[in-house]
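Engineer: Structure file upload.cif, mmCIF, C-alpha atoms (C1' of nucleotides), is pasted below:
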data_my_file
loop_
_atom_site.label_atom_id
_atom_site.label_comp_id
_atom_site.auth_asym_id
_atom_site.auth_seq_id
_atom_site.Cartn_x
_atom_site.Cartn_y
_atom_site.Cartn_z
CA MET V 1 97.46 65.79 141.20
CA ASN V 2 101.13 66.52 141.56
CA LEU V 3 103.98 66.09 143.98
CA GLN V 4 103.74 69.68 145.20
CA GLN V 5 100.12 69.13 146.24
CA LEU V 6 101.15 66.06 148.23
CA ARG V 7 103.94 68.06 149.89
CA ILE V 8 101.43 70.79 150.75
CA ILE V 9 98.99 68.39 152.46
CA LYS V 10 101.91 66.98 154.43
CA ALA V 11 103.12 70.44 155.43
CA ILE V 12 99.62 71.56 156.47
CA ALA V 13 99.18 68.43 158.59
CA LYS V 14 102.51 69.16 160.24
CA THR V 15 102.15 72.92 160.81
CA GLY V 16 98.36 73.14 161.23
CA SER V 17 97.98 76.13 158.88
CA ILE V 18 98.26 77.22 155.27
CA GLN V 19 100.62 80.03 156.25
CA GLY V 20 102.83 77.55 158.11
CA ALA V 21 102.87 75.22 155.13
CA ALA V 22 103.82 78.14 152.86
CA GLU V 23 106.79 78.98 155.08
CA ALA V 24 107.87 75.35 155.33
CA LEU V 25 107.81 74.95 151.55
CA HIS V 26 109.35 78.40 150.85
CA VAL V 27 106.39 79.67 148.79
CA THR V 28 103.73 82.30 149.47
CA GLN V 29 100.32 81.68 150.93
CA PRO V 30 98.46 82.27 147.62
CA ALA V 31 100.55 79.54 145.98
CA ILE V 32 99.28 77.09 148.63
CA SER V 33 95.68 78.24 148.19
CA HIS V 34 95.92 77.80 144.41
CA GLN V 35 97.25 74.26 144.74
CA LEU V 36 94.63 73.29 147.33
CA LYS V 37 91.86 74.62 145.15
CA SER V 38 93.21 72.75 142.14
CA LEU V 39 93.50 69.53 144.19
CA GLU V 40 89.97 69.80 145.55
CA GLU V 41 88.61 70.47 142.05
CA GLU V 42 90.35 67.36 140.72
CA LEU V 43 89.14 65.16 143.59
CA GLY V 44 85.66 66.71 143.51
CA GLU V 45 85.79 66.86 147.31
CA SER V 46 87.08 69.16 150.04
CA VAL V 47 90.28 67.96 151.71
CA LEU V 48 90.24 70.24 154.78
CA ILE V 49 88.20 72.67 156.87
CA ARG V 50 89.75 76.13 157.16
CA SER V 51 89.19 76.38 160.89
CA ARG V 52 91.23 78.22 163.53
CA PRO V 53 93.53 77.93 165.23
CA ASP V 54 94.26 74.62 163.49
CA ILE V 55 93.07 73.40 160.08
CA VAL V 56 91.21 70.07 160.22
CA LEU V 57 91.83 67.40 157.57
CA LEU V 58 88.67 65.82 156.16
CA PRO V 59 88.58 62.09 155.27
CA ALA V 60 89.69 62.87 151.69
CA GLY V 61 92.55 64.96 153.10
CA ARG V 62 93.62 62.12 155.39
CA GLU V 63 93.67 59.72 152.44
CA VAL V 64 95.82 62.15 150.45
CA LEU V 65 98.08 62.55 153.48
CA ALA V 66 98.59 58.77 153.75
CA VAL V 67 99.62 58.61 150.09
CA ALA V 68 101.83 61.69 150.51
CA GLU V 69 103.69 60.02 153.41
CA ARG V 70 104.34 56.90 151.33
CA VAL V 71 105.35 58.72 148.13
CA THR V 72 107.69 61.19 149.82
CA ALA V 73 109.30 58.32 151.77
CA GLU V 74 109.88 56.39 148.54
CA ILE V 75 111.32 59.46 146.84
CA GLU V 76 113.67 60.01 149.76
CA ASP V 77 114.68 56.35 149.60
CA LEU V 78 115.41 56.67 145.86
CA ARG V 79 117.41 59.84 146.49
CA GLN V 80 119.45 58.07 149.16
CA ARG V 81 120.25 55.21 146.79
CA PHE V 82 121.85 57.57 144.26
CA SER V 83 123.49 59.98 146.68
CA PRO V 84 127.25 59.80 147.30
CA LYS V 85 128.14 57.26 149.93
CA ALA V 86 130.99 55.11 151.19
CA PRO V 87 132.36 52.62 148.61
CA ASP V 88 131.18 49.59 150.60
CA GLU V 89 127.63 51.00 150.63
CA ILE V 90 127.39 51.52 146.85
CA THR V 91 125.00 49.16 145.10
CA GLY V 92 124.17 48.45 141.47
CA THR V 93 125.23 46.18 138.65
CA LEU V 94 128.14 46.29 136.23
CA ARG V 95 128.34 43.99 133.22
CA VAL V 96 131.86 43.58 131.87
CA ALA V 97 133.03 41.81 128.72
CA ALA V 98 136.63 40.74 128.24
CA SER V 99 138.46 38.15 126.23
CA THR V 100 139.47 35.05 128.16
CA LEU V 101 143.08 36.00 127.42
CA GLY V 102 142.54 39.44 128.97
CA ILE V 103 140.82 38.08 132.05
CA VAL V 104 143.62 35.56 132.68
CA TYR V 105 146.62 37.82 132.07
CA LEU V 106 145.59 41.47 132.32
CA TYR V 107 142.34 42.34 134.03
CA GLY V 108 142.01 39.74 136.77
CA ASP V 109 143.62 41.95 139.44
CA LEU V 110 141.52 44.92 138.34
CA LEU V 111 138.28 42.96 138.59
CA GLN V 112 139.28 41.60 141.98
CA THR V 113 140.12 45.08 143.29
CA PHE V 114 136.76 46.37 142.07
CA MET V 115 134.90 43.56 143.85
CA GLU V 116 136.81 44.21 147.07
CA ARG V 117 136.29 47.96 146.96
CA TYR V 118 132.60 47.80 146.00
CA PRO V 119 131.37 44.55 147.56
CA LYS V 120 127.68 45.41 147.10
CA VAL V 121 127.98 46.04 143.37
CA SER V 122 127.00 42.97 141.40
CA LEU V 123 129.78 42.33 138.87
CA VAL V 124 128.81 40.19 135.87
CA VAL V 125 131.79 39.20 133.73
CA THR V 126 131.26 37.79 130.24
CA ALA V 127 134.25 36.00 128.77
CA THR V 128 134.42 36.44 124.99
CA GLU V 129 136.66 34.73 122.51
CA THR V 130 138.02 38.04 121.23
CA GLY V 131 138.02 41.70 122.26
CA VAL V 132 136.09 42.57 119.11
CA GLU V 133 133.19 40.42 120.33
CA GLY V 134 133.19 42.35 123.62
CA ALA V 135 132.91 45.67 121.77
CA ARG V 136 129.99 44.26 119.76
CA GLN V 137 128.19 43.28 122.96
CA LEU V 138 128.73 46.79 124.31
CA VAL V 139 127.16 48.38 121.24
CA SER V 140 124.14 46.07 121.40
CA GLY V 141 123.63 46.84 125.09
CA LEU V 142 124.46 43.37 126.41
CA VAL V 143 127.29 44.71 128.59
CA ASP V 144 128.14 48.11 130.12
CA VAL V 145 131.90 48.11 129.47
CA ALA V 146 134.36 45.94 127.53
CA PHE V 147 138.09 45.42 127.52
CA VAL V 148 139.40 45.60 123.96
CA PRO V 149 142.55 46.19 121.93
CA ALA V 150 142.75 49.83 120.76
CA ALA V 151 141.16 50.28 117.33
CA ASP V 152 140.29 53.14 114.98
CA ASN V 153 136.64 52.28 114.40
CA MET V 154 135.24 53.13 117.85
CA GLU V 155 133.46 56.30 116.71
CA ASP V 156 130.97 57.08 119.46
CA LEU V 157 132.55 54.95 122.17
CA GLY V 158 134.74 56.28 124.93
CA PHE V 159 138.12 54.61 125.48
CA THR V 160 140.31 54.53 128.56
CA VAL V 161 143.85 53.36 127.79
CA LEU V 162 145.12 50.77 130.23
CA GLY V 163 148.42 49.89 128.67
CA LYS V 164 150.36 48.69 125.64
CA THR V 165 151.54 45.27 124.73
CA LYS V 166 154.01 43.94 122.17
CA HIS V 167 154.09 40.57 120.46
CA VAL V 168 156.93 38.08 120.53
CA ALA V 169 157.66 34.78 118.84
CA ILE V 170 157.80 31.72 121.07
CA VAL V 171 159.72 28.50 120.49
CA SER V 172 160.58 25.50 122.64
CA SER V 173 164.05 25.22 124.16
CA THR V 174 164.77 22.31 121.80
CA HIS V 175 163.71 24.19 118.67
CA ALA V 176 166.16 25.10 115.89
CA LEU V 177 165.57 28.81 116.63
CA SER V 178 166.27 28.33 120.34
CA GLY V 179 168.90 30.65 121.77
CA ARG V 180 168.23 33.43 119.26
CA ILE V 181 167.49 36.98 120.41
CA THR V 182 165.66 38.12 117.29
CA VAL V 183 164.02 36.40 114.36
CA SER V 184 162.69 37.54 110.97
CA ALA V 185 159.46 36.68 109.18
CA ALA V 186 161.47 34.80 106.55
CA GLU V 187 163.07 32.58 109.18
CA LEU V 188 159.72 31.87 110.86
CA ARG V 189 158.29 30.75 107.48
CA ARG V 190 160.57 27.71 107.60
CA PHE V 191 158.67 26.17 110.51
CA PRO V 192 155.06 25.13 111.15
CA PHE V 193 153.09 27.97 112.75
CA ILE V 194 150.22 28.07 115.21
CA ARG V 195 148.09 31.15 114.74
CA TYR V 196 145.12 32.82 116.40
CA ARG V 197 141.70 32.65 114.81
CA PRO V 198 140.35 35.58 112.74
CA ASN V 199 139.17 38.65 114.78
CA ALA V 200 141.65 38.05 117.59
CA GLY V 201 143.92 41.06 118.18
CA SER V 202 147.04 38.87 117.92
CA ARG V 203 145.86 37.45 114.60
CA THR V 204 145.90 40.97 113.16
CA THR V 205 149.52 41.29 114.27
CA SER V 206 150.65 38.03 112.63
CA ASP V 207 148.62 38.86 109.48
CA LYS V 208 150.49 42.16 109.16
CA LEU V 209 153.86 40.51 109.69
CA PHE V 210 153.53 37.66 107.24
CA LEU V 211 151.09 38.90 104.60
CA SER V 212 152.86 42.24 104.04
CA SER V 213 155.96 40.40 102.83
CA GLY V 214 154.58 37.16 101.39
CA GLU V 215 152.70 34.26 102.87
CA TYR V 216 152.14 32.55 106.19
CA PRO V 217 154.34 29.62 107.20
CA PRO V 218 152.61 26.20 107.02
CA ILE V 219 149.70 26.46 109.47
CA LEU V 220 149.78 23.69 112.03
CA MET V 221 146.52 24.76 113.70
CA GLU V 222 144.42 27.75 114.74
CA SER V 223 143.33 28.48 118.29
CA ASN V 224 142.43 31.38 120.56
CA ASP V 225 143.46 29.44 123.65
CA THR V 226 146.86 30.90 124.46
CA GLU V 227 147.69 28.28 127.11
CA PHE V 228 147.00 25.59 124.53
CA ILE V 229 149.20 27.35 121.96
CA LYS V 230 152.06 27.62 124.48
CA ARG V 231 151.68 23.95 125.34
CA VAL V 232 151.88 22.88 121.70
CA VAL V 233 154.88 25.13 121.06
CA ALA V 234 156.60 23.73 124.19
CA MET V 235 156.30 20.29 122.61
CA GLY V 236 158.66 21.56 119.92
CA VAL V 237 156.35 21.10 116.94
CA GLY V 238 156.06 24.70 115.83
CA THR V 239 156.28 28.42 116.57
CA ALA V 240 153.71 31.08 117.38
CA ILE V 241 153.41 34.82 117.91
CA VAL V 242 151.74 35.76 121.18
CA PRO V 243 151.38 38.87 123.35
CA GLU V 244 154.50 39.17 125.49
CA PHE V 245 152.49 39.33 128.72
CA THR V 246 151.20 35.78 128.18
CA VAL V 247 154.71 34.39 128.65
CA THR V 248 155.03 34.31 132.41
CA GLN V 249 158.06 34.26 134.65
CA ARG V 250 157.18 30.64 135.42
CA ASP V 251 157.30 29.73 131.72
CA ARG V 252 160.81 31.17 131.48
CA GLU V 253 162.02 29.55 134.70
CA GLN V 254 160.85 26.11 133.60
CA ARG V 255 163.02 26.62 130.49
CA VAL V 256 160.47 25.06 128.17
CA LEU V 257 159.64 28.24 126.24
CA GLU V 258 161.86 30.96 124.84
CA THR V 259 160.78 34.32 123.51
CA LEU V 260 162.32 35.99 120.47
CA GLN V 261 161.89 39.59 119.35
CA VAL V 262 160.43 39.64 115.85
CA GLN V 263 162.03 41.98 113.30
CA HIS V 264 159.67 44.43 111.58
CA ILE V 265 156.69 43.44 113.70
CA SER V 266 154.47 46.39 114.56
CA ILE V 267 155.00 46.62 118.29
CA ALA V 268 153.09 48.28 121.08
CA GLN V 269 149.41 47.58 120.53
CA GLY V 270 147.30 49.55 122.98
CA TYR V 271 144.46 48.01 124.95
CA GLY V 272 141.94 49.34 127.41
CA LEU V 273 138.34 49.84 128.40
CA VAL V 274 135.56 50.93 126.04
CA PHE V 275 132.27 52.35 127.28
CA ARG V 276 129.23 54.10 125.82
CA GLN V 277 129.42 57.88 126.14
CA ASP V 278 125.68 58.31 125.66
CA ILE V 279 124.76 56.32 128.77
CA LYS V 280 125.53 57.49 132.30
CA MET V 281 125.87 54.79 134.97
CA HIS V 282 127.54 55.37 138.31
CA THR V 283 129.01 51.84 138.35
CA VAL V 284 130.64 52.48 134.96
CA HIS V 285 132.01 55.77 136.25
CA LEU V 286 133.53 54.03 139.31
CA PHE V 287 134.98 51.24 137.18
CA ARG V 288 136.59 53.74 134.80
CA GLU V 289 138.11 55.62 137.72
CA LEU V 290 139.61 52.37 138.98
CA CYS V 291 140.96 51.60 135.49
CA ILE V 292 142.60 55.03 135.27
CA GLU V 293 144.07 54.47 138.73
CA HIS V 294 145.46 51.10 137.57
CA SER V 295 146.59 52.21 134.11
CA ASP V 296 149.83 53.64 135.55
CA LEU V 297 150.60 50.32 137.20
CA THR V 298 149.76 48.36 134.07
CA MET V 299 151.81 50.66 131.83
CA LYS V 300 154.90 50.05 133.96
CA ARG V 301 154.86 46.36 133.08
CA PHE V 302 155.90 47.09 129.50
"C1'" DA K 1 95.60 87.50 161.63
"C1'" DA K 2 94.62 84.02 158.35
"C1'" DC K 3 92.93 82.88 154.10
"C1'" DA K 4 90.75 83.71 149.31
"C1'" DT K 5 90.74 85.98 144.98
"C1'" DC K 6 92.31 88.89 141.17
"C1'" DC K 7 95.79 89.97 138.05
"C1'" DG K 8 100.39 90.31 136.01
"C1'" DT K 9 104.87 87.84 135.25
"C1'" DC K 10 107.72 84.12 134.11
"C1'" DG K 11 109.21 79.60 132.87
"C1'" DG K 12 108.18 75.33 130.75
"C1'" DC K 13 105.68 72.70 127.45
"C1'" DT K 14 103.52 71.73 122.98
"C1'" DC K 15 102.90 72.45 118.32
"C1'" DC K 16 104.55 73.29 113.92
"C1'" DG K 17 107.67 74.57 110.32
"C1'" DT K 18 112.47 74.17 108.87
"C1'" DT K 19 116.87 72.03 108.57
"C1'" DT K 20 120.12 68.19 108.60
"C1'" DA G 1 113.30 60.42 110.68
"C1'" DA G 2 115.46 63.15 114.02
"C1'" DA G 3 116.95 67.54 115.67
"C1'" DC G 4 116.32 72.34 116.16
"C1'" DG G 5 114.08 76.77 116.88
"C1'" DG G 6 110.26 80.08 117.25
"C1'" DA G 7 105.37 81.18 118.59
"C1'" DG G 8 101.73 80.61 121.46
"C1'" DC G 9 99.59 78.55 125.44
"C1'" DC G 10 99.23 77.17 130.14
"C1'" DG G 11 100.23 76.65 134.86
"C1'" DA G 12 102.70 78.15 139.02
"C1'" DC G 13 103.72 81.81 141.54
"C1'" DG G 14 103.82 86.42 144.00
"C1'" DG G 15 101.92 91.04 145.07
"C1'" DA G 16 97.92 93.55 146.13
"C1'" DT G 17 93.68 93.60 148.10
"C1'" DG G 18 89.19 91.85 149.73
"C1'" DT G 19 86.82 88.75 153.15
"C1'" DT G 20 86.09 86.25 157.40
#
Show me, as structure tokens, the structure contained in the file I just sent.

Structural biologist:
Amino acid sequence: MNLQQLRIIKAIAKTGSIQGAAEALHVTQPAISHQLKSLEEELGESVLIRSRPDIVLLPAGREVLAVAERVTAEIEDLRQRFSPKAPDEITGTLRVAASTLGIVYLYGDLLQTFMERYPKVSLVVTATETGVEGARQLVSGLVDVAFVPAADNMEDLGFTVLGKTKHVAIVSSTHALSGRITVSAAELRRFPFIRYRPNAGSRTTSDKLFLSSGEYPPILMESNDTEFIKRVVAMGVGTAIVPEFTVTQRDREQRVLETLQVQHISIAQGYGLVFRQDIKMHTVHLFRELCIEHSDLTMKRF
DNA sequence: AACATCCGTCGGCTCCGTTT
DNA sequence: AAACGGAGCCGACGGATGTT
């Protein structure tokens, strides 16, 4: 039994003839006869009486018709669900991974816009400690997209650039380096340093800066909580290197933190959205479109 | 006129061997 | 082991024609 046979029974019931069903389904009359014969052979029972002017459905035919009505209705329903529609009618689920830092400083507006534009899409956000962890969850199928720093080892994954960020040194307004515009790695080595934990994008940056020309300054502590790092630095006990976007206008206005450009630091680390190219999901497609739309706005910040 | 049957055509599927 | 490609098979279909 196949879908075409169900369609045929439905068309015969509607038109009252095999010829009518053939016209309705855009096939020839022999095609209908073949399918009916095949259906009756499979059921081991006749489904209709070839009477004139109208064909009469037998009990078996009426049973097939009832199923045909249900199945074709469900297929139409399924088709409707995936057909293009207004944004506020789109349903589905999107699982997003992002570092807590990213959610707080970079992607919050984007996620909010997505929720407002597609209110019926269920958005599940997983906060990870680092962007690398988000990429790992994407590969293992735990999430559908992830926000990560740009990296070379994303072989089969697609990447949509959202923007670039640079890193700056932060000190308190009472610190010995306060008032400086730029600072070198050698000068930073003289003071206790608070660094990110391994695997964090910003840790890679500080590793490159200090380890390429010697050693790290004395390590006061390690943390991936940027707000905590800023708080400790504001107390005047050490320095840190953080993404520039984490130092807000409010931080500057309160005059507790100062930012210094770091000499020789590799600037402009890209970040964006990674997704699996081998899996097609309409919610992922919509989210990527929104990211592309927002990437211009994000890029202008730097 | 409406439907059934025969027969040829075509497209899709399966199987199997080969390649990567 | 997975991917690819060719050969053969099968089912769906349409045209022609027979039957009711």

Engineer: Suppose a student applies the PyMOL selection byres ((chain V) within 12 of (chain K)) to this structure; what residues should they get, written as a tab-separated table (two decimals) with C-alpha atoms, keeping the file's coordinate frame?

Structural biologist:
chain	number	residue	atom	x	y	z
V	16	GLY	CA	98.36	73.14	161.23
V	17	SER	CA	97.98	76.13	158.88
V	18	ILE	CA	98.26	77.22	155.27
V	19	GLN	CA	100.62	80.03	156.25
V	20	GLY	CA	102.83	77.55	158.11
V	22	ALA	CA	103.82	78.14	152.86
V	28	THR	CA	103.73	82.30	149.47
V	29	GLN	CA	100.32	81.68	150.93
V	30	PRO	CA	98.46	82.27	147.62
V	31	ALA	CA	100.55	79.54	145.98
V	32	ILE	CA	99.28	77.09	148.63
V	33	SER	CA	95.68	78.24	148.19
V	34	HIS	CA	95.92	77.80	144.41
V	36	LEU	CA	94.63	73.29	147.33
V	37	LYS	CA	91.86	74.62	145.15
V	49	ILE	CA	88.20	72.67	156.87
V	50	ARG	CA	89.75	76.13	157.16
V	51	SER	CA	89.19	76.38	160.89
V	52	ARG	CA	91.23	78.22	163.53
V	53	PRO	CA	93.53	77.93	165.23
V	54	ASP	CA	94.26	74.62	163.49
V	55	ILE	CA	93.07	73.40	160.08

Engineer: Calculated over only C-alpha atoms, which of the candidates V:Lys280, V:Ile9, V:Gln261, V:Val161 has the smallest distance to V:Ala66?

Structural biologist: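 Of V:Lys280, V:Ile9, V:Gln261, V:Val161, the one nearest V:Ala66, counting only C-alpha atoms, is V:Ile9.
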
Engineer: Give as a VMD selection string every residue of chain G that touches chain V within 8 Å, counting all atoms listed in the file.

Structural biologist: chain G and resid 12 to 14

Engineer: Atoms to include: C-alpha atoms (C1' of nucleotides). Write the selected residues as a compact mmCIF listing (two decimals), in the coordinates of the input.

Structural biologist:
# COMPACT_ATOMS: atom_id res chain seq x y z
C1' DA G 12 102.70 78.15 139.02
C1' DC G 13 103.72 81.81 141.54
C1' DG G 14 103.82 86.42 144.00

Engineer: Report, as AutoDock Vina command-line options, the axis-aligned box around all atoms of stretch 52-62 of chain V present in the file, extended by 6 Å on each side; give centre and edge lengths in Å to one decimal place.

Structural biologist:
--center_x 91.4 --center_y 70.2 --center_z 158.5 --size_x 17.7 --size_y 28.1 --size_z 25.5

Engineer: Please, what distance in Å, to one decimal, runs between atom CA of V:Gly214 and atom CA of V:Ile170?

Structural biologist: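 Spanning atom CA of V:Gly214 to atom CA of V:Ile170 is a straight-line distance of 20.7 Å.
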
Engineer: What gap, in Å, lies between atom CA of V:Arg231 and atom CA of V:Pro192?

Structural biologist: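 Separation of atom CA of V:Arg231 and atom CA of V:Pro192: 14.6 Å.
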
Engineer: Quick one: everything within 12 Å of V:Met115, counting only C-alpha atoms (C1' of nucleotides), minus sequence neighbours fewer than 5 positions away in the same chain. Send it as a ChimeraX atom specification.

Structural biologist: /V:87-88,90-91,93-94,108-110,120-125,283,286-287,290

Engineer: Any idea what the distance is between atom CA of V:Thr205 and atom CA of V:Ile265?

Structural biologist: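 Rounded to one decimal, the two atoms are 7.5 Å apart.
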
Engineer: With a distance cut-off of 10 Å and all atoms listed in the file, select the neighbouring residues of V:Glu215, excluding the residue or stretch itself and same-chain residues fewer than 3 positions from it, and output the selection as a CSV table (one decimal) with C-alpha atoms, keeping the file's coordinate frame.

Structural biologist:
chain,number,residue,atom,x,y,z
V,185,ALA,CA,159.5,36.7,109.2
V,186,ALA,CA,161.5,34.8,106.6
V,189,ARG,CA,158.3,30.8,107.5
V,207,ASP,CA,148.6,38.9,109.5
V,209,LEU,CA,153.9,40.5,109.7
V,210,PHE,CA,153.5,37.7,107.2
V,211,LEU,CA,151.1,38.9,104.6
V,212,SER,CA,152.9,42.2,104.0
V,218,PRO,CA,152.6,26.2,107.0

Engineer: Any idea what's packed within 12 Å of stretch 73-80 of chain V, counting only C-alpha atoms (C1' of nucleotides), ignoring anything in its chain fewer than 4 positions away? Could you give it as a VMD selection string?

Structural biologist: chain V and resid 3 6 to 7 10 66 to 69 84 to 85 89 to 91

Engineer: Which residue out of V:Thr113, V:Gln263, V:Ser83, V:Ser223 has the minimum interatomic distance to V:Val168 when all atoms listed in the file are used?

Structural biologist: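 When distances to V:Val168 are compared using all atoms listed in the file, the smallest one comes from V:Gln263.
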
Engineer: For the file shown, what are the residues hit by the PyMOL selection byres ((chain V and resi 272) around 9), laid out as JSON, numbers by chain?

Structural biologist: {"V": [146, 147, 148, 149, 150, 159, 160, 161, 162, 163, 164, 270, 271, 273, 274, 291, 295]}

Engineer: Near V:Ile279, within 12 Å and counting all atoms listed in the file, which residues show up once chain neighbours fewer than 5 positions away are dropped, as a PyMOL selection string?

Structural biologist: chain V and resi 138-139+141+143-145+156-158+284-285
